[in-house]
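The file work.txt comes next; it holds compact mmCIF, N, CA and C atoms.
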# COMPACT_ATOMS: atom_id res chain seq x y z
N ASN A 1 -12.54 -23.96 -18.37
CA ASN A 1 -11.11 -23.94 -18.60
C ASN A 1 -10.76 -22.83 -19.58
N LYS A 2 -11.64 -22.59 -20.54
CA LYS A 2 -11.40 -21.53 -21.50
C LYS A 2 -11.42 -20.16 -20.81
N GLU A 3 -12.33 -20.00 -19.81
CA GLU A 3 -12.39 -18.75 -19.07
C GLU A 3 -11.10 -18.50 -18.30
N ASN A 4 -10.52 -19.55 -17.72
CA ASN A 4 -9.26 -19.41 -16.99
C ASN A 4 -8.15 -18.90 -17.90
N LYS A 5 -8.10 -19.41 -19.13
CA LYS A 5 -7.07 -18.96 -20.06
C LYS A 5 -7.26 -17.50 -20.43
N GLU A 6 -8.51 -17.06 -20.54
CA GLU A 6 -8.76 -15.67 -20.87
C GLU A 6 -8.34 -14.75 -19.73
N ASN A 7 -8.50 -15.19 -18.47
CA ASN A 7 -8.15 -14.36 -17.32
C ASN A 7 -6.66 -14.35 -17.01
N GLN A 8 -5.94 -15.34 -17.47
CA GLN A 8 -4.52 -15.40 -17.16
C GLN A 8 -3.74 -14.47 -18.06
N THR A 9 -2.68 -13.91 -17.48
CA THR A 9 -1.77 -13.09 -18.27
C THR A 9 -0.44 -13.80 -18.27
N THR A 10 -0.29 -14.75 -19.20
CA THR A 10 0.93 -15.53 -19.29
C THR A 10 1.42 -15.50 -20.72
N ASN A 11 2.67 -15.95 -20.89
CA ASN A 11 3.18 -16.03 -22.26
C ASN A 11 3.10 -17.47 -22.74
N ASP A 12 3.52 -17.73 -23.96
CA ASP A 12 3.39 -19.06 -24.55
C ASP A 12 4.18 -20.11 -23.80
N ASP A 13 5.37 -19.77 -23.27
CA ASP A 13 6.18 -20.73 -22.54
C ASP A 13 5.44 -21.22 -21.31
N ASP A 14 4.77 -20.32 -20.61
CA ASP A 14 4.01 -20.70 -19.42
C ASP A 14 2.86 -21.62 -19.78
N ASP A 15 2.20 -21.36 -20.91
CA ASP A 15 1.10 -22.22 -21.34
C ASP A 15 1.61 -23.61 -21.65
N ASP A 16 2.77 -23.72 -22.33
CA ASP A 16 3.35 -25.02 -22.63
C ASP A 16 3.70 -25.76 -21.36
N GLU A 17 4.25 -25.05 -20.37
CA GLU A 17 4.60 -25.66 -19.09
C GLU A 17 3.35 -26.16 -18.38
N ALA A 18 2.27 -25.38 -18.42
CA ALA A 18 1.02 -25.78 -17.78
C ALA A 18 0.46 -27.03 -18.46
N GLN A 19 0.55 -27.11 -19.78
CA GLN A 19 0.07 -28.28 -20.51
C GLN A 19 0.88 -29.52 -20.13
N THR A 20 2.21 -29.36 -19.98
CA THR A 20 3.07 -30.47 -19.58
C THR A 20 2.68 -30.97 -18.20
N LYS A 21 2.40 -30.08 -17.27
CA LYS A 21 2.00 -30.47 -15.93
C LYS A 21 0.69 -31.24 -15.95
N LYS A 22 -0.26 -30.81 -16.78
CA LYS A 22 -1.56 -31.48 -16.84
C LYS A 22 -1.41 -32.89 -17.39
N THR A 23 -0.56 -33.07 -18.41
CA THR A 23 -0.40 -34.39 -19.00
C THR A 23 0.41 -35.31 -18.11
N SER A 24 1.22 -34.76 -17.19
CA SER A 24 2.01 -35.62 -16.33
C SER A 24 1.22 -36.11 -15.12
N GLY A 25 -0.08 -35.82 -15.07
CA GLY A 25 -0.92 -36.37 -14.02
C GLY A 25 -1.22 -35.40 -12.88
N GLU A 26 -0.67 -34.23 -12.88
CA GLU A 26 -0.96 -33.27 -11.81
C GLU A 26 -2.31 -32.63 -12.09
N GLN A 27 -3.18 -32.60 -11.09
CA GLN A 27 -4.52 -32.07 -11.26
C GLN A 27 -4.70 -30.71 -10.59
N LYS A 28 -3.63 -30.13 -10.06
CA LYS A 28 -3.76 -28.85 -9.37
C LYS A 28 -4.10 -27.75 -10.36
N GLU A 29 -5.08 -26.94 -9.99
CA GLU A 29 -5.42 -25.76 -10.79
C GLU A 29 -4.65 -24.59 -10.24
N GLU A 30 -3.97 -23.87 -11.09
CA GLU A 30 -3.22 -22.70 -10.65
C GLU A 30 -4.12 -21.48 -10.74
N ALA A 31 -4.02 -20.62 -9.75
CA ALA A 31 -4.81 -19.40 -9.74
C ALA A 31 -4.34 -18.49 -10.86
N PRO A 32 -5.25 -17.78 -11.48
CA PRO A 32 -4.84 -16.87 -12.54
C PRO A 32 -3.96 -15.76 -11.98
N VAL A 33 -3.00 -15.35 -12.78
CA VAL A 33 -2.09 -14.29 -12.37
C VAL A 33 -2.79 -12.96 -12.62
N VAL A 34 -2.98 -12.20 -11.55
CA VAL A 34 -3.64 -10.90 -11.67
C VAL A 34 -2.61 -9.82 -11.37
N PRO A 35 -2.26 -9.01 -12.36
CA PRO A 35 -1.27 -7.96 -12.10
C PRO A 35 -1.84 -6.90 -11.18
N LYS A 36 -0.95 -6.30 -10.36
CA LYS A 36 -1.40 -5.24 -9.48
C LYS A 36 -1.85 -4.06 -10.33
N LYS A 37 -2.99 -3.50 -9.93
CA LYS A 37 -3.52 -2.37 -10.67
C LYS A 37 -2.84 -1.10 -10.15
N LYS A 38 -2.27 -0.34 -11.06
CA LYS A 38 -1.64 0.92 -10.68
C LYS A 38 -2.72 1.95 -10.42
N ILE A 39 -2.44 2.80 -9.43
CA ILE A 39 -3.39 3.84 -9.07
C ILE A 39 -2.79 5.17 -9.53
N PRO A 40 -3.28 5.70 -10.63
CA PRO A 40 -2.68 6.94 -11.15
C PRO A 40 -3.11 8.16 -10.33
N ILE A 41 -2.12 8.96 -9.94
CA ILE A 41 -2.40 10.25 -9.31
C ILE A 41 -1.43 11.26 -9.92
N THR A 42 -1.81 12.50 -9.90
CA THR A 42 -0.94 13.54 -10.44
C THR A 42 0.15 13.85 -9.43
N PHE A 43 1.20 14.51 -9.89
CA PHE A 43 2.28 14.89 -9.00
C PHE A 43 1.77 15.87 -7.94
N GLU A 44 0.85 16.74 -8.32
CA GLU A 44 0.29 17.69 -7.36
C GLU A 44 -0.48 16.95 -6.26
N GLN A 45 -1.26 15.93 -6.64
CA GLN A 45 -1.97 15.12 -5.65
C GLN A 45 -0.97 14.40 -4.74
N TYR A 46 0.07 13.86 -5.35
CA TYR A 46 1.10 13.15 -4.59
C TYR A 46 1.72 14.08 -3.54
N GLN A 47 2.08 15.28 -3.96
CA GLN A 47 2.68 16.25 -3.02
C GLN A 47 1.70 16.65 -1.93
N LYS A 48 0.46 16.91 -2.31
CA LYS A 48 -0.54 17.35 -1.33
C LYS A 48 -0.78 16.27 -0.28
N VAL A 49 -0.99 15.04 -0.71
CA VAL A 49 -1.25 13.95 0.22
C VAL A 49 -0.01 13.69 1.08
N THR A 50 1.16 13.69 0.46
CA THR A 50 2.40 13.48 1.21
C THR A 50 2.57 14.52 2.30
N HIS A 51 2.40 15.78 1.96
CA HIS A 51 2.55 16.86 2.95
C HIS A 51 1.51 16.76 4.06
N THR A 52 0.28 16.39 3.69
CA THR A 52 -0.78 16.23 4.69
C THR A 52 -0.41 15.12 5.68
N LEU A 53 0.03 13.99 5.15
CA LEU A 53 0.40 12.85 6.02
C LEU A 53 1.60 13.19 6.90
N VAL A 54 2.62 13.81 6.30
CA VAL A 54 3.83 14.16 7.05
C VAL A 54 3.51 15.14 8.18
N HIS A 55 2.73 16.16 7.88
CA HIS A 55 2.37 17.14 8.92
C HIS A 55 1.60 16.46 10.05
N HIS A 56 0.67 15.57 9.72
CA HIS A 56 -0.11 14.89 10.75
C HIS A 56 0.79 14.00 11.62
N ILE A 57 1.67 13.23 10.99
CA ILE A 57 2.56 12.36 11.77
C ILE A 57 3.45 13.18 12.69
N ARG A 58 4.03 14.25 12.17
CA ARG A 58 4.90 15.09 13.00
C ARG A 58 4.13 15.72 14.15
N LYS A 59 2.90 16.15 13.90
CA LYS A 59 2.09 16.75 14.96
C LYS A 59 1.77 15.71 16.03
N GLN A 60 1.39 14.51 15.62
CA GLN A 60 1.07 13.44 16.57
C GLN A 60 2.28 13.10 17.44
N VAL A 61 3.44 12.98 16.84
CA VAL A 61 4.65 12.60 17.57
C VAL A 61 5.10 13.73 18.49
N SER A 62 4.99 14.98 18.06
CA SER A 62 5.44 16.10 18.90
C SER A 62 4.46 16.39 20.04
N ASP A 63 3.16 16.12 19.84
CA ASP A 63 2.17 16.36 20.89
C ASP A 63 2.30 15.38 22.04
N ASP A 64 2.73 14.18 21.77
CA ASP A 64 2.83 13.14 22.80
C ASP A 64 4.27 12.64 22.84
N ALA A 65 5.00 13.06 23.87
CA ALA A 65 6.42 12.71 23.98
C ALA A 65 6.63 11.20 24.07
N GLU A 66 5.65 10.47 24.58
CA GLU A 66 5.78 9.02 24.71
C GLU A 66 5.44 8.30 23.41
N ASP A 67 4.84 9.00 22.48
CA ASP A 67 4.40 8.38 21.23
C ASP A 67 5.61 8.00 20.38
N GLN A 68 5.64 6.75 19.93
CA GLN A 68 6.73 6.24 19.11
C GLN A 68 6.43 6.35 17.62
N GLY A 69 5.29 6.86 17.26
CA GLY A 69 4.87 6.95 15.87
C GLY A 69 3.37 6.78 15.81
N ILE A 70 2.86 6.65 14.62
CA ILE A 70 1.42 6.45 14.43
C ILE A 70 1.25 5.19 13.59
N SER A 71 0.27 4.38 13.93
CA SER A 71 0.06 3.15 13.15
C SER A 71 -0.49 3.52 11.77
N GLN A 72 -0.15 2.69 10.81
CA GLN A 72 -0.61 2.95 9.45
C GLN A 72 -2.13 2.94 9.41
N LYS A 73 -2.75 2.06 10.16
CA LYS A 73 -4.22 1.98 10.18
C LYS A 73 -4.81 3.30 10.66
N ASP A 74 -4.26 3.86 11.77
CA ASP A 74 -4.76 5.13 12.30
C ASP A 74 -4.54 6.27 11.31
N LEU A 75 -3.39 6.26 10.64
CA LEU A 75 -3.09 7.32 9.67
C LEU A 75 -4.06 7.27 8.50
N VAL A 76 -4.32 6.07 7.99
CA VAL A 76 -5.25 5.92 6.85
C VAL A 76 -6.65 6.35 7.27
N GLU A 77 -7.10 5.92 8.45
CA GLU A 77 -8.43 6.31 8.94
C GLU A 77 -8.53 7.82 9.11
N TRP A 78 -7.49 8.43 9.69
CA TRP A 78 -7.49 9.88 9.86
C TRP A 78 -7.59 10.57 8.50
N TYR A 79 -6.79 10.13 7.53
CA TYR A 79 -6.80 10.75 6.21
C TYR A 79 -8.18 10.63 5.57
N LEU A 80 -8.77 9.45 5.63
CA LEU A 80 -10.08 9.26 5.00
C LEU A 80 -11.15 10.09 5.68
N ASN A 81 -11.04 10.30 6.99
CA ASN A 81 -12.00 11.14 7.70
C ASN A 81 -11.87 12.61 7.32
N GLN A 82 -10.71 13.02 6.82
CA GLN A 82 -10.50 14.40 6.41
C GLN A 82 -11.09 14.69 5.02
N GLN A 83 -11.38 13.63 4.27
CA GLN A 83 -11.85 13.78 2.90
C GLN A 83 -13.38 13.80 2.86
N THR A 84 -13.92 14.46 1.85
CA THR A 84 -15.36 14.40 1.61
C THR A 84 -15.57 13.34 0.54
N ILE A 85 -16.09 12.19 0.98
CA ILE A 85 -16.24 11.05 0.10
C ILE A 85 -17.73 10.75 -0.04
N ASP A 86 -18.17 10.61 -1.29
CA ASP A 86 -19.60 10.47 -1.58
C ASP A 86 -20.11 9.03 -1.54
N SER A 87 -19.27 8.07 -1.90
CA SER A 87 -19.76 6.70 -2.01
C SER A 87 -18.77 5.71 -1.41
N GLU A 88 -19.26 4.49 -1.22
CA GLU A 88 -18.40 3.41 -0.72
C GLU A 88 -17.29 3.12 -1.71
N GLU A 89 -17.61 3.23 -3.00
CA GLU A 89 -16.61 2.97 -4.04
C GLU A 89 -15.48 3.99 -3.96
N ASP A 90 -15.84 5.27 -3.79
CA ASP A 90 -14.83 6.32 -3.65
C ASP A 90 -14.00 6.12 -2.38
N LEU A 91 -14.65 5.68 -1.31
CA LEU A 91 -13.95 5.42 -0.05
C LEU A 91 -12.91 4.32 -0.26
N GLY A 92 -13.29 3.26 -0.93
CA GLY A 92 -12.36 2.17 -1.21
C GLY A 92 -11.21 2.61 -2.09
N ALA A 93 -11.51 3.41 -3.11
CA ALA A 93 -10.47 3.90 -4.01
C ALA A 93 -9.49 4.81 -3.28
N GLN A 94 -10.02 5.71 -2.44
CA GLN A 94 -9.15 6.61 -1.67
C GLN A 94 -8.30 5.82 -0.68
N GLY A 95 -8.89 4.81 -0.05
CA GLY A 95 -8.15 3.97 0.89
C GLY A 95 -7.01 3.24 0.20
N ARG A 96 -7.28 2.66 -0.98
CA ARG A 96 -6.23 1.98 -1.74
C ARG A 96 -5.15 2.96 -2.17
N MET A 97 -5.56 4.17 -2.58
CA MET A 97 -4.59 5.16 -3.03
C MET A 97 -3.66 5.57 -1.90
N VAL A 98 -4.21 5.86 -0.72
CA VAL A 98 -3.37 6.34 0.38
C VAL A 98 -2.48 5.21 0.91
N ARG A 99 -2.97 3.98 0.94
CA ARG A 99 -2.12 2.85 1.35
C ARG A 99 -0.98 2.65 0.36
N SER A 100 -1.30 2.75 -0.91
CA SER A 100 -0.28 2.61 -1.95
C SER A 100 0.75 3.73 -1.83
N LEU A 101 0.28 4.93 -1.59
CA LEU A 101 1.18 6.08 -1.45
C LEU A 101 2.07 5.92 -0.22
N ILE A 102 1.51 5.47 0.89
CA ILE A 102 2.31 5.25 2.10
C ILE A 102 3.40 4.22 1.82
N ASN A 103 3.03 3.15 1.12
CA ASN A 103 4.02 2.13 0.79
C ASN A 103 5.14 2.71 -0.06
N ARG A 104 4.79 3.56 -1.01
CA ARG A 104 5.82 4.20 -1.85
C ARG A 104 6.69 5.13 -1.02
N LEU A 105 6.07 5.88 -0.10
CA LEU A 105 6.83 6.81 0.74
C LEU A 105 7.83 6.06 1.64
N ILE A 106 7.52 4.79 1.93
CA ILE A 106 8.42 3.97 2.75
C ILE A 106 9.50 3.32 1.88
N THR A 107 9.09 2.67 0.80
CA THR A 107 10.01 1.81 0.05
C THR A 107 10.80 2.50 -1.05
N LYS A 108 10.27 3.56 -1.62
CA LYS A 108 10.96 4.18 -2.76
C LYS A 108 11.46 5.59 -2.46
N ASP A 109 10.63 6.39 -1.82
CA ASP A 109 10.99 7.79 -1.61
C ASP A 109 11.68 8.02 -0.27
N TYR A 110 11.61 7.08 0.62
CA TYR A 110 12.25 7.14 1.95
C TYR A 110 11.83 8.37 2.74
N VAL A 111 10.59 8.78 2.58
CA VAL A 111 10.03 9.90 3.34
C VAL A 111 9.58 9.41 4.71
N LEU A 112 9.00 8.19 4.73
CA LEU A 112 8.51 7.61 5.97
C LEU A 112 9.38 6.42 6.37
N ILE A 113 9.45 6.20 7.67
CA ILE A 113 10.15 5.05 8.22
C ILE A 113 9.10 4.17 8.89
N ALA A 114 9.12 2.89 8.56
CA ALA A 114 8.17 1.94 9.15
C ALA A 114 8.87 1.12 10.21
N ILE A 115 8.23 1.02 11.37
CA ILE A 115 8.74 0.19 12.45
C ILE A 115 7.76 -0.96 12.62
N ASP A 116 8.23 -2.16 12.32
CA ASP A 116 7.37 -3.33 12.42
C ASP A 116 7.16 -3.69 13.88
N PRO A 117 5.94 -4.09 14.23
CA PRO A 117 5.68 -4.48 15.62
C PRO A 117 6.41 -5.77 15.96
N GLU A 118 6.73 -5.91 17.22
CA GLU A 118 7.39 -7.13 17.67
C GLU A 118 6.36 -8.25 17.71
N VAL A 119 6.71 -9.36 17.11
CA VAL A 119 5.82 -10.52 17.12
C VAL A 119 6.56 -11.70 17.72
N GLU A 120 5.82 -12.56 18.36
CA GLU A 120 6.42 -13.72 18.99
C GLU A 120 6.08 -14.97 18.20
N GLY A 121 7.05 -15.84 18.06
CA GLY A 121 6.82 -17.12 17.40
C GLY A 121 6.44 -16.97 15.95
N ASP A 122 5.39 -17.67 15.58
CA ASP A 122 4.96 -17.70 14.18
C ASP A 122 3.92 -16.64 13.87
N GLU A 123 3.71 -15.71 14.78
CA GLU A 123 2.71 -14.67 14.54
C GLU A 123 3.11 -13.82 13.36
N THR A 124 2.13 -13.32 12.67
CA THR A 124 2.38 -12.39 11.56
C THR A 124 1.67 -11.08 11.87
N PHE A 125 2.03 -10.07 11.14
CA PHE A 125 1.38 -8.78 11.33
C PHE A 125 0.99 -8.20 9.98
N SER A 126 0.03 -7.33 10.05
CA SER A 126 -0.45 -6.65 8.87
C SER A 126 0.33 -5.34 8.71
N PRO A 127 0.50 -4.86 7.48
CA PRO A 127 1.13 -3.55 7.32
C PRO A 127 0.39 -2.45 8.08
N ASP A 128 -0.90 -2.65 8.35
CA ASP A 128 -1.66 -1.66 9.11
C ASP A 128 -1.17 -1.55 10.55
N ASP A 129 -0.48 -2.60 11.04
CA ASP A 129 0.00 -2.61 12.42
C ASP A 129 1.32 -1.87 12.62
N ARG A 130 2.05 -1.63 11.54
CA ARG A 130 3.36 -1.01 11.70
C ARG A 130 3.23 0.46 12.08
N LEU A 131 4.24 0.93 12.82
CA LEU A 131 4.28 2.34 13.21
C LEU A 131 5.03 3.12 12.15
N LEU A 132 4.56 4.33 11.90
CA LEU A 132 5.18 5.18 10.89
C LEU A 132 5.75 6.43 11.53
N LEU A 133 6.94 6.78 11.09
CA LEU A 133 7.61 8.02 11.50
C LEU A 133 8.09 8.72 10.25
N VAL A 134 8.27 10.03 10.35
CA VAL A 134 8.82 10.79 9.23
C VAL A 134 10.34 10.71 9.30
N ASN A 135 10.96 10.46 8.17
CA ASN A 135 12.41 10.44 8.09
C ASN A 135 12.93 11.80 8.54
N PRO A 136 13.83 11.84 9.53
CA PRO A 136 14.31 13.13 10.03
C PRO A 136 15.03 13.97 8.97
N ASN A 137 15.47 13.35 7.88
CA ASN A 137 16.15 14.10 6.81
C ASN A 137 15.19 14.69 5.79
N PHE A 138 13.90 14.40 5.95
CA PHE A 138 12.91 14.90 5.00
C PHE A 138 12.45 16.30 5.41
N ASN A 139 12.55 17.25 4.48
CA ASN A 139 12.13 18.62 4.70
C ASN A 139 10.92 18.88 3.82
N VAL A 140 9.77 19.08 4.42
CA VAL A 140 8.53 19.28 3.66
C VAL A 140 8.61 20.52 2.79
N ASP A 141 9.11 21.59 3.33
CA ASP A 141 9.12 22.86 2.60
C ASP A 141 10.12 22.89 1.47
N GLY A 142 11.28 22.32 1.69
CA GLY A 142 12.32 22.35 0.67
C GLY A 142 12.46 21.08 -0.11
N ASN A 143 11.73 20.03 0.30
CA ASN A 143 11.84 18.69 -0.28
C ASN A 143 13.26 18.28 -0.25

Any chance you could put this one into structure tokens?
Amino acid sequence: NKENKENQTTNDDDDDEAQTKKTSGEQKEEAPVVPKKKIPITFEQYQKVTHTLVHHIRKQVSDDAEDQGISQKDLVEWYLNQQTIDSEEDLGAQGRMVRSLINRLITKDYVLIAIDPEVEGDETFSPDDRLLLVNPNFNVDGN
């Protein structure tokens, strides 16, 4: 129990609330709160990776008139294959970095547009399944 408290990142109010729940007869253990780890990259790295991804997506879409975009999974795999990676650890770190960057390009910078796949009923999809397109208002050369 002491280890759980060391791993949790909570404030005093949350600890008091957890103690109240324990004394009221609830035996559920709550998972420790793990903050998302930020992946630091320089602005130059950000620009380089962004331009590489944008050029590849545009090339894929223009080469195949029927193509509606490229799946995030295919884009990440293509990017990782272009890199010289020495270890499994570096491969994992690069994969997390490019996925995080793609998410930022979709949600904050509006460089990429994500098209979610159609699902039926209660099916769910992974972000790797979504199709990615470059925002037509994005200019690589002039930003």

Checklist entry - In Å to one decimal, how far is CA of Ile106 in chain A from CA of His51 in chain A? => result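 Distance reported for this atom pair: 14.2 Å.
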
Checklist entry - Between CA of Val98 in chain A and atom N of Asn137 in chain A, what is the spacing in Å? => result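 Between atom N of Asn137 in chain A and CA of Val98 in chain A the gap works out to 21.5 Å.
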
Next on the checklist: Between atom C of Val134 in chain A and atom C of Gln94 in chain A, what is the distance in Å, rounded to a tenth?
Outcome noted: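 Calculated distance between atom C of Val134 in chain A and atom C of Gln94 in chain A is 21.7 Å.
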
Kindly provide the residues of range 35-90 of chain A that approach range 100-103 of chain A to within 8 Å, each paired with its closest atom pair and their distance in Å to one decimal, based on all atoms listed in the file, listed by chain and increasing number, as JSON lines.
{"residue": "A:Ile39", "atom": "N", "partner": "A:Ser100", "partner_atom": "CA", "distance": 7.8}
{"residue": "A:Tyr46", "atom": "CA", "partner": "A:Leu101", "partner_atom": "CA", "distance": 7.7}
{"residue": "A:Thr50", "atom": "CA", "partner": "A:Leu101", "partner_atom": "C", "distance": 7.7}

Next on the checklist: Report as a ChimeraX atom specification all protein, DNA and RNA residues lying within 8 Å of Pro136 in chain A, evaluated on only N, CA and C atoms, omitting residues in the same chain fewer than 6 positions from it.
Outcome noted: /A:110-113

Box dimensions and centre (Å, one decimal) enclosing range 137-142 of chain A, axis-aligned, 8 Å extra per side, as AutoDock Vina command-line options:
--center_x 12.3 --center_y 18.1 --center_z 3.9 --size_x 23.6 --size_y 25.5 --size_z 24.0

Next on the checklist: Just want the 7 Å neighbourhood of Val76 in chain A, counted on all atoms listed in the file, with same-chain residues fewer than 3 positions away dropped. Output as an MDAnalysis selection string.
Outcome noted: chainID A and resid 71:73 79:81 95 98:99

Next on the checklist: So that I can check the secondary structure, give me every residue of range 27-132 of chain A assigned alpha helix (DSSP H) by backbone DSSP, as number ranges by chain.
Outcome noted: A: 43-63, 72-82, 88-107

Give me a file of those residues, with N, CA and C atoms, as a short mmCIF file (atom, residue, chain, number, x, y, z; two decimals), in the coordinates of the input.
data_model
loop_
_atom_site.label_atom_id
_atom_site.label_comp_id
_atom_site.auth_asym_id
_atom_site.auth_seq_id
_atom_site.Cartn_x
_atom_site.Cartn_y
_atom_site.Cartn_z
N PHE A 43 1.20 14.51 -9.89
CA PHE A 43 2.28 14.89 -9.00
C PHE A 43 1.77 15.87 -7.94
N GLU A 44 0.85 16.74 -8.32
CA GLU A 44 0.29 17.69 -7.36
C GLU A 44 -0.48 16.95 -6.26
N GLN A 45 -1.26 15.93 -6.64
CA GLN A 45 -1.97 15.12 -5.65
C GLN A 45 -0.97 14.40 -4.74
N TYR A 46 0.07 13.86 -5.35
CA TYR A 46 1.10 13.15 -4.59
C TYR A 46 1.72 14.08 -3.54
N GLN A 47 2.08 15.28 -3.96
CA GLN A 47 2.68 16.25 -3.02
C GLN A 47 1.70 16.65 -1.93
N LYS A 48 0.46 16.91 -2.31
CA LYS A 48 -0.54 17.35 -1.33
C LYS A 48 -0.78 16.27 -0.28
N VAL A 49 -0.99 15.04 -0.71
CA VAL A 49 -1.25 13.95 0.22
C VAL A 49 -0.01 13.69 1.08
N THR A 50 1.16 13.69 0.46
CA THR A 50 2.40 13.48 1.21
C THR A 50 2.57 14.52 2.30
N HIS A 51 2.40 15.78 1.96
CA HIS A 51 2.55 16.86 2.95
C HIS A 51 1.51 16.76 4.06
N THR A 52 0.28 16.39 3.69
CA THR A 52 -0.78 16.23 4.69
C THR A 52 -0.41 15.12 5.68
N LEU A 53 0.03 13.99 5.15
CA LEU A 53 0.40 12.85 6.02
C LEU A 53 1.60 13.19 6.90
N VAL A 54 2.62 13.81 6.30
CA VAL A 54 3.83 14.16 7.05
C VAL A 54 3.51 15.14 8.18
N HIS A 55 2.73 16.16 7.88
CA HIS A 55 2.37 17.14 8.92
C HIS A 55 1.60 16.46 10.05
N HIS A 56 0.67 15.57 9.72
CA HIS A 56 -0.11 14.89 10.75
C HIS A 56 0.79 14.00 11.62
N ILE A 57 1.67 13.23 10.99
CA ILE A 57 2.56 12.36 11.77
C ILE A 57 3.45 13.18 12.69
N ARG A 58 4.03 14.25 12.17
CA ARG A 58 4.90 15.09 13.00
C ARG A 58 4.13 15.72 14.15
N LYS A 59 2.90 16.15 13.90
CA LYS A 59 2.09 16.75 14.96
C LYS A 59 1.77 15.71 16.03
N GLN A 60 1.39 14.51 15.62
CA GLN A 60 1.07 13.44 16.57
C GLN A 60 2.28 13.10 17.44
N VAL A 61 3.44 12.98 16.84
CA VAL A 61 4.65 12.60 17.57
C VAL A 61 5.10 13.73 18.49
N SER A 62 4.99 14.98 18.06
CA SER A 62 5.44 16.10 18.90
C SER A 62 4.46 16.39 20.04
N ASP A 63 3.16 16.12 19.84
CA ASP A 63 2.17 16.36 20.89
C ASP A 63 2.30 15.38 22.04
N GLN A 72 -0.15 2.69 10.81
CA GLN A 72 -0.61 2.95 9.45
C GLN A 72 -2.13 2.94 9.41
N LYS A 73 -2.75 2.06 10.16
CA LYS A 73 -4.22 1.98 10.18
C LYS A 73 -4.81 3.30 10.66
N ASP A 74 -4.26 3.86 11.77
CA ASP A 74 -4.76 5.13 12.30
C ASP A 74 -4.54 6.27 11.31
N LEU A 75 -3.39 6.26 10.64
CA LEU A 75 -3.09 7.32 9.67
C LEU A 75 -4.06 7.27 8.50
N VAL A 76 -4.32 6.07 7.99
CA VAL A 76 -5.25 5.92 6.85
C VAL A 76 -6.65 6.35 7.27
N GLU A 77 -7.10 5.92 8.45
CA GLU A 77 -8.43 6.31 8.94
C GLU A 77 -8.53 7.82 9.11
N TRP A 78 -7.49 8.43 9.69
CA TRP A 78 -7.49 9.88 9.86
C TRP A 78 -7.59 10.57 8.50
N TYR A 79 -6.79 10.13 7.53
CA TYR A 79 -6.80 10.75 6.21
C TYR A 79 -8.18 10.63 5.57
N LEU A 80 -8.77 9.45 5.63
CA LEU A 80 -10.08 9.26 5.00
C LEU A 80 -11.15 10.09 5.68
N ASN A 81 -11.04 10.30 6.99
CA ASN A 81 -12.00 11.14 7.70
C ASN A 81 -11.87 12.61 7.32
N GLN A 82 -10.71 13.02 6.82
CA GLN A 82 -10.50 14.40 6.41
C GLN A 82 -11.09 14.69 5.02
N GLU A 88 -19.26 4.49 -1.22
CA GLU A 88 -18.40 3.41 -0.72
C GLU A 88 -17.29 3.12 -1.71
N GLU A 89 -17.61 3.23 -3.00
CA GLU A 89 -16.61 2.97 -4.04
C GLU A 89 -15.48 3.99 -3.96
N ASP A 90 -15.84 5.27 -3.79
CA ASP A 90 -14.83 6.32 -3.65
C ASP A 90 -14.00 6.12 -2.38
N LEU A 91 -14.65 5.68 -1.31
CA LEU A 91 -13.95 5.42 -0.05
C LEU A 91 -12.91 4.32 -0.26
N GLY A 92 -13.29 3.26 -0.93
CA GLY A 92 -12.36 2.17 -1.21
C GLY A 92 -11.21 2.61 -2.09
N ALA A 93 -11.51 3.41 -3.11
CA ALA A 93 -10.47 3.90 -4.01
C ALA A 93 -9.49 4.81 -3.28
N GLN A 94 -10.02 5.71 -2.44
CA GLN A 94 -9.15 6.61 -1.67
C GLN A 94 -8.30 5.82 -0.68
N GLY A 95 -8.89 4.81 -0.05
CA GLY A 95 -8.15 3.97 0.89
C GLY A 95 -7.01 3.24 0.20
N ARG A 96 -7.28 2.66 -0.98
CA ARG A 96 -6.23 1.98 -1.74
C ARG A 96 -5.15 2.96 -2.17
N MET A 97 -5.56 4.17 -2.58
CA MET A 97 -4.59 5.16 -3.03
C MET A 97 -3.66 5.57 -1.90
N VAL A 98 -4.21 5.86 -0.72
CA VAL A 98 -3.37 6.34 0.38
C VAL A 98 -2.48 5.21 0.91
N ARG A 99 -2.97 3.98 0.94
CA ARG A 99 -2.12 2.85 1.35
C ARG A 99 -0.98 2.65 0.36
N SER A 100 -1.30 2.75 -0.91
CA SER A 100 -0.28 2.61 -1.95
C SER A 100 0.75 3.73 -1.83
N LEU A 101 0.28 4.93 -1.59
CA LEU A 101 1.18 6.08 -1.45
C LEU A 101 2.07 5.92 -0.22
N ILE A 102 1.51 5.47 0.89
CA ILE A 102 2.31 5.25 2.10
C ILE A 102 3.40 4.22 1.82
N ASN A 103 3.03 3.15 1.12
CA ASN A 103 4.02 2.13 0.79
C ASN A 103 5.14 2.71 -0.06
N ARG A 104 4.79 3.56 -1.01
CA ARG A 104 5.82 4.20 -1.85
C ARG A 104 6.69 5.13 -1.02
N LEU A 105 6.07 5.88 -0.10
CA LEU A 105 6.83 6.81 0.74
C LEU A 105 7.83 6.06 1.64
N ILE A 106 7.52 4.79 1.93
CA ILE A 106 8.42 3.97 2.75
C ILE A 106 9.50 3.32 1.88
N THR A 107 9.09 2.67 0.80
CA THR A 107 10.01 1.81 0.05
C THR A 107 10.80 2.50 -1.05
#
